[in-house]
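K.L.:
My questions will all concern the structure given below.
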Amino acid sequence: MEGPIITVEGLSKSYTLRHEKAERYTALRDVLANKARSFFTRSSKPTITTEEFFALRDVSFSVGVGDRVGIIGRNGAGKSTLLKVLSRITEPTKGRVTLNGRVASLLEVGTGFHPELSGRENIFLNGAILGMGRAEINAKFDEIVSFAEVERFLDTPVKRYSSGMYVRLAFAVAAHLEPEILVIDEVLAVGDSAFQKKCLGKMEDVAGQGRTILFVSHNMETVLRLCNKCILLENGSVRESGPTDQVIRAYLGTGSGTNAQRSWIDRPNAPNGHGVRLRQVKAHDQQGRVLHTFEVTGPIGITMEYEVLTDGDVFTHSFNFFNEDGVNIFDTHDVVSPQRNEPRRKGIYSTTMWIPANLLAEGAVVVGVAVVKHEPFTIYFHERDAISFAVIDPMRGDSARGNYTLGFPGLVRPLCQWETRLVV
Amino acid sequence: MNKQRVVLEPGSADQHYWRDLWNYRGLFWFLAWRDILVRYKQTVIGIAWSVLRPLLTLGAMALIGWLFSSSVPEGVPRLLLVATATLPWTFFSTAFSEASGSLIANSNLLTKVYFPRMIVPASTVIVCLIDFVISFAILIVLMVVYRFMPDVRIVFLPLFLLLALITSLGTGLLIAALNVKYRDFRYVVPFMVQFGLYISPIAFSSADIYANPRVPEALKVVYAMNPMVGVIDGFRWSLLGGTTPLNIPGFTVSVGISLLLLFAGIRYFRRTERSFADVI
C-alpha cells in the first residue's frame, strides 16, 4: 500500500499538575482571590505551584494499512492518552499526527448509551455517536441485533438489561463500524468467555478486511493473538516497537526490575552467611544460554554459583518461585544431589536445578535463592528477588493449551496424561 | 467511503471547524432526538409538562401584574399580554439552564468520543424549541377564547423567535463552557433565571419602564441591556397587533446585546473546547 495510514511524529502531551488542590475543576472564587491578591501585592509569585507532567513524550511511529498494532505498557505508561490523542478527544501539546482515514474509537463500550432508551433506540444513538450515518445503521441493524443476541429485548429500556446483555449490545454496535482505523481500549475485559471469543473472532474479521486496528490491552495472550505489531510504552515514551512476540518479550522481561542473571562477584554486599557467599544466579536453557523469556514447552535451568569460605560444613540449596502477583508458585529444596550430605571443602561451587517443561504457566516469574541447613534448620542466606524471567506460550499447539488461544488461568500449566475408553 | 486526511497538531482544532460541524449534523439530530425521547420518560403526564409549566408561570405572573395594576394596552386582555411574554421566557429559561449544564451532563461522551462540542448545547436548545412550539397552543387557545385576531405583523414572529434562539444559544454556549472549568455557574444559573423573571417584562410591559417619568434614563438603558427585553417586546409587537409599540432605542440595545452574547459565547466556547476533555 502507498504510505502509512497513521504517522505520529514527536508527539507529546503534557498536563499541568496543580499541587495544593484536590479538585479537578477550579472555582471562580479562587481565581478572583488570586488575581486580587497579586494585584495588591504586585508579586508575580504564583500562589499555586504547578508542575508539567508529560503523559506522552516525543512519541514517533507509523502504522501501515491493515496493520493490527497492540499498544502495551504498565499502568500510567501513556497508552490511554495516546489513544485519546489519536481519536481527537484531546489535543497534542507538541508534535503532529497524520491520519489518512476515518477513525472510530471504542474507548469504552456503551459510550452514550442512555439507560431510559430501548435497545433499538440505543443502537441508533450509539451508532451515531460512533460516527455511523442513519442509512449505515439501518443496513447493519439486523446483523447488530443478532450478533448481540438481544432480539427479544429490543424494545426494553437498557436499564433493565443484565450487564452481559448491555455489554454485548454495546460491542455489537461498535464491531459493525466500518472505519479505516479502529481504536480499541481494553473492551474485551467484558462478557463471558463465549462472547469474548465471538468478539475476538469479529475483530479478526475486521482486521482481515484490511482495516487498521490499534488495540490497547494488558492481556498479552489477546495481543499476541490479534496483533501483528506492537508498541511498548514506558513512562510516555516508546521503549520498543516491532513484531508482537519480540515486544511482549521485552515487556515481560522488564518484570520486577531484576534480570535473568544477577552477579555479586567482588561485591561486598553479596548475600552470605555461615561461611557461604553467593556469587551469581541465572536462568538459562539447555544450551546454557541466559534468556529473559522461556517457552512453556521447554525445561528451564536455574543455576546458582557460590563460594564456600570454610572447610567441613554441610548444607543444601533451595529456590522459591513467585508469579507477578506475588503468589508463591512452588518452593524446592535439594534433597537429591550427593553433595547435600557431604562436608564441603573451600572453593567455588555451581548448582543447577531444572524446572521441567510444561510446569510453569505463562507470565513473569521471580526467583528467590537460599542456602540452608536441615539439621538443625538454619538459613545461611536467602535472597528473595534474585532474578526474574518470563514464560510465554508461542501458541504452536503443543502446550497444554492445544489450539485454545483465549485466557487460560492457573498457576501451573502441566501437560497431563488423559485416558478415555469406551465403557459401554 | 471517501478518504479523508486529518492532521492533528497543537491548535489544529480550528481547521475546518464549521465543515466538521456540518458533517456531524447527524449526531446533532440524534442527540436532540434522544433528549426528546428521554425528556418525559417515566413521568405520569408526560408531554403535558411542556404546557403546564408555562401555564403556571402565566397564572402567577398575570396575578402579580393584576395585583400591582401594571398597565395593559387598550383591547388586550391581561392574560394574553402576559402569555406573549411567558412563552418566550419559558423557552429561554429552560434552554439557557439546560444548555449551561449540557456539557457536564454529557461528560462521558466528551471524554470518550470526538465531535465538535458545540453540538451538545445546540441540540439542547433545539429540544427546548420543540417544547416551545407545543406550548404555543396556550396562546392560540387564549386568542380564540378572547376572539383576538393578530394583524399582519405576525409574519415577523419567526424573526423574533430567531432572536430568542440566538439569545439562549449565546448565553448557553458561554455558560456551558465556563461551567466546565468553573462549577460555580451551577449555582449562578438558577439564580440568573429567577432574577430574569422579575427584571424582564412579563408581569408588566416595557411601556411601564420606558414611559415612566419616575425611572431615571440610566436605569432605562440598564433595563434595555437585558436581551430578553428585546425578545419579549418583539413577540408582543408582532402578536398583539401594534397595541404595544416597539421602543426602538431600547430594542436596538437588547438586540445588540443578544448578538454580542452569541459572538462572545461562540468565541469563548471555541477557545476552550479543545481542553474540555482534560478539564471536565
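Letters A, B, ... mark the chains of the C-alpha cells in the order given; residue numbers begin at 1 per chain; ligand numbers begin at 1, in order shown.
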Give the residues of chain B that lie within 8 Å of chain A; count only C-alpha atoms, and format the answer as an MDAnalysis selection string.
P.N.:
chainID B and resid 3:11 13 26:27 30:31 34 37:38 41 108:114 180:184 274:275 277:280
K.L.:
Would you mind exporting the chosen residues as a CSV table (one decimal), in the first residue's frame, restricted to C-alpha atoms?
P.N.:
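Contents of selection.csv, freshly written:
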chain,number,residue,atom,x,y,z
B,3,LYS,CA,-10.8,9.0,2.3
B,4,GLN,CA,-10.1,11.9,4.5
B,5,ARG,CA,-6.8,13.1,5.7
B,6,VAL,CA,-6.7,14.6,9.2
B,7,VAL,CA,-3.6,16.3,10.7
B,8,LEU,CA,-3.6,16.7,14.5
B,9,GLU,CA,-1.3,19.4,15.8
B,10,PRO,CA,-1.5,21.8,18.7
B,11,GLY,CA,-4.1,24.3,17.7
B,13,ALA,CA,-8.9,22.1,16.1
B,26,GLY,CA,-26.4,13.7,12.0
B,27,LEU,CA,-25.2,13.4,15.6
B,30,PHE,CA,-29.6,12.1,17.2
B,31,LEU,CA,-28.8,13.9,20.4
B,34,ARG,CA,-32.5,11.3,22.4
B,37,LEU,CA,-37.4,10.7,23.9
B,38,VAL,CA,-35.9,10.8,27.4
B,41,LYS,CA,-39.9,9.1,30.3
B,108,ASN,CA,-19.0,10.7,29.4
B,109,LEU,CA,-19.3,11.5,25.7
B,110,LEU,CA,-16.8,14.3,25.8
B,111,THR,CA,-14.1,12.2,27.3
B,112,LYS,CA,-14.7,9.2,25.0
B,113,VAL,CA,-15.6,10.4,21.5
B,114,TYR,CA,-14.6,13.1,19.2
B,180,VAL,CA,-16.7,23.0,32.5
B,181,LYS,CA,-14.0,24.9,34.3
B,182,TYR,CA,-15.8,26.8,37.0
B,183,ARG,CA,-18.6,24.8,38.5
B,184,ASP,CA,-19.7,28.0,40.3
B,274,ARG,CA,-10.1,21.7,22.9
B,275,SER,CA,-9.3,21.3,26.6
B,277,ALA,CA,-11.8,16.6,27.8
B,278,ASP,CA,-8.8,17.4,30.0
B,279,VAL,CA,-10.6,19.6,32.4
B,280,ILE,CA,-14.2,18.3,32.8
K.L.:
List as a PyMOL selection string the protein and nucleic acid residues near region 121-137 of chain B, meaning an atom at most 6 Å away when only C-alpha atoms are counted, but skip any in the same chain fewer than 2 places from it.
P.N.:
chain B and resi 28+32+50-51+91+95+99+102+118-119+139-140
K.L.:
Emit the selected residues as a CSV table (one decimal), in the first residue's frame, including C-alpha atoms.
P.N.:
chain,number,residue,atom,x,y,z
B,28,PHE,CA,-26.8,16.7,16.4
B,32,ALA,CA,-31.8,16.1,20.1
B,50,SER,CA,-44.3,21.4,28.4
B,51,VAL,CA,-47.7,23.1,28.5
B,91,PHE,CA,-38.3,28.8,26.3
B,95,ALA,CA,-32.9,26.4,27.0
B,99,ALA,CA,-27.6,24.2,27.7
B,102,SER,CA,-25.3,20.1,29.0
B,118,MET,CA,-20.9,22.8,20.1
B,119,ILE,CA,-23.4,20.1,19.1
B,139,LEU,CA,-51.5,31.3,23.1
B,140,ILE,CA,-53.7,30.0,20.3
K.L.:
Using only C-alpha atoms, which protein or nucleic acid residues come within 12 Å of Ile213 (chain A)? Drop anything in the same chain fewer than 6 positions from it, and give the result as a compact mmCIF listing (two decimals) with C-alpha atoms, in the first residue's frame.
P.N.:
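Result file follows (around_10.txt):
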# COMPACT_ATOMS: atom_id res chain seq x y z
CA ILE A 5 -2.15 5.28 7.35
CA ILE A 6 -1.10 6.74 10.69
CA VAL A 63 1.31 2.29 11.10
CA GLY A 64 0.71 0.76 7.68
CA VAL A 65 -2.66 -0.02 6.14
CA GLY A 66 -4.09 -3.26 7.52
CA ASP A 67 -1.69 -3.44 10.45
CA ARG A 68 -3.06 -4.59 13.77
CA VAL A 69 -0.99 -2.82 16.34
CA GLY A 70 -1.03 -3.69 20.01
CA ILE A 71 -0.11 -0.96 22.46
CA LEU A 83 -5.48 6.67 22.10
CA LEU A 86 -5.38 9.66 18.09
CA ARG A 102 -11.75 7.80 9.22
CA VAL A 103 -11.05 6.91 12.84
CA ALA A 104 -13.59 5.29 15.11
CA SER A 105 -12.65 4.83 18.69
CA LEU A 106 -14.02 2.42 21.16
CA ALA A 175 -17.97 -4.01 15.93
CA GLU A 178 -16.57 0.43 9.15
CA PRO A 179 -13.85 2.96 9.70
CA GLU A 180 -10.43 2.67 8.10
CA ILE A 181 -8.86 2.93 11.56
CA LEU A 182 -10.38 1.31 14.61
CA VAL A 183 -9.06 2.29 18.02
CA ILE A 184 -9.93 -0.07 20.86
CA ASP A 185 -9.16 0.22 24.56
CA MET A 203 -12.04 -8.36 15.40
CA GLU A 204 -10.04 -10.83 13.37
CA ASP A 205 -12.64 -10.48 10.61
CA VAL A 206 -12.32 -6.73 10.77
CA ALA A 207 -8.57 -6.98 10.55
CA VAL A 223 -2.42 -9.06 21.96
CA LEU A 226 -4.71 -10.37 17.48
CA CYS A 227 -1.84 -8.06 16.66
CA ASN A 228 0.96 -8.43 14.16
CA LYS A 229 2.85 -5.45 15.50
CA CYS A 230 3.28 -4.00 18.91
K.L.:
Find the spatial neighbours of Arg236 (chain B), counting only C-alpha atoms, within a cut-off of 8 Å - ignore same-chain residues fewer than 3 positions away - and output them as a list in words.
P.N.:
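Surrounding residues, per the criterion: Leu81, Thr84, Ala85, Ile232, Asp233, Leu239, Leu240 and Thr244 of chain B.
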K.L.:
Return the single residue from B:Pro158, B:Pro213, B:Gly265, B:Gly250 that is closest to Met225 (chain B), with distances computed using only C-alpha atoms.
P.N.:
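Under the stated criterion, the closest residue is B:Gly250.
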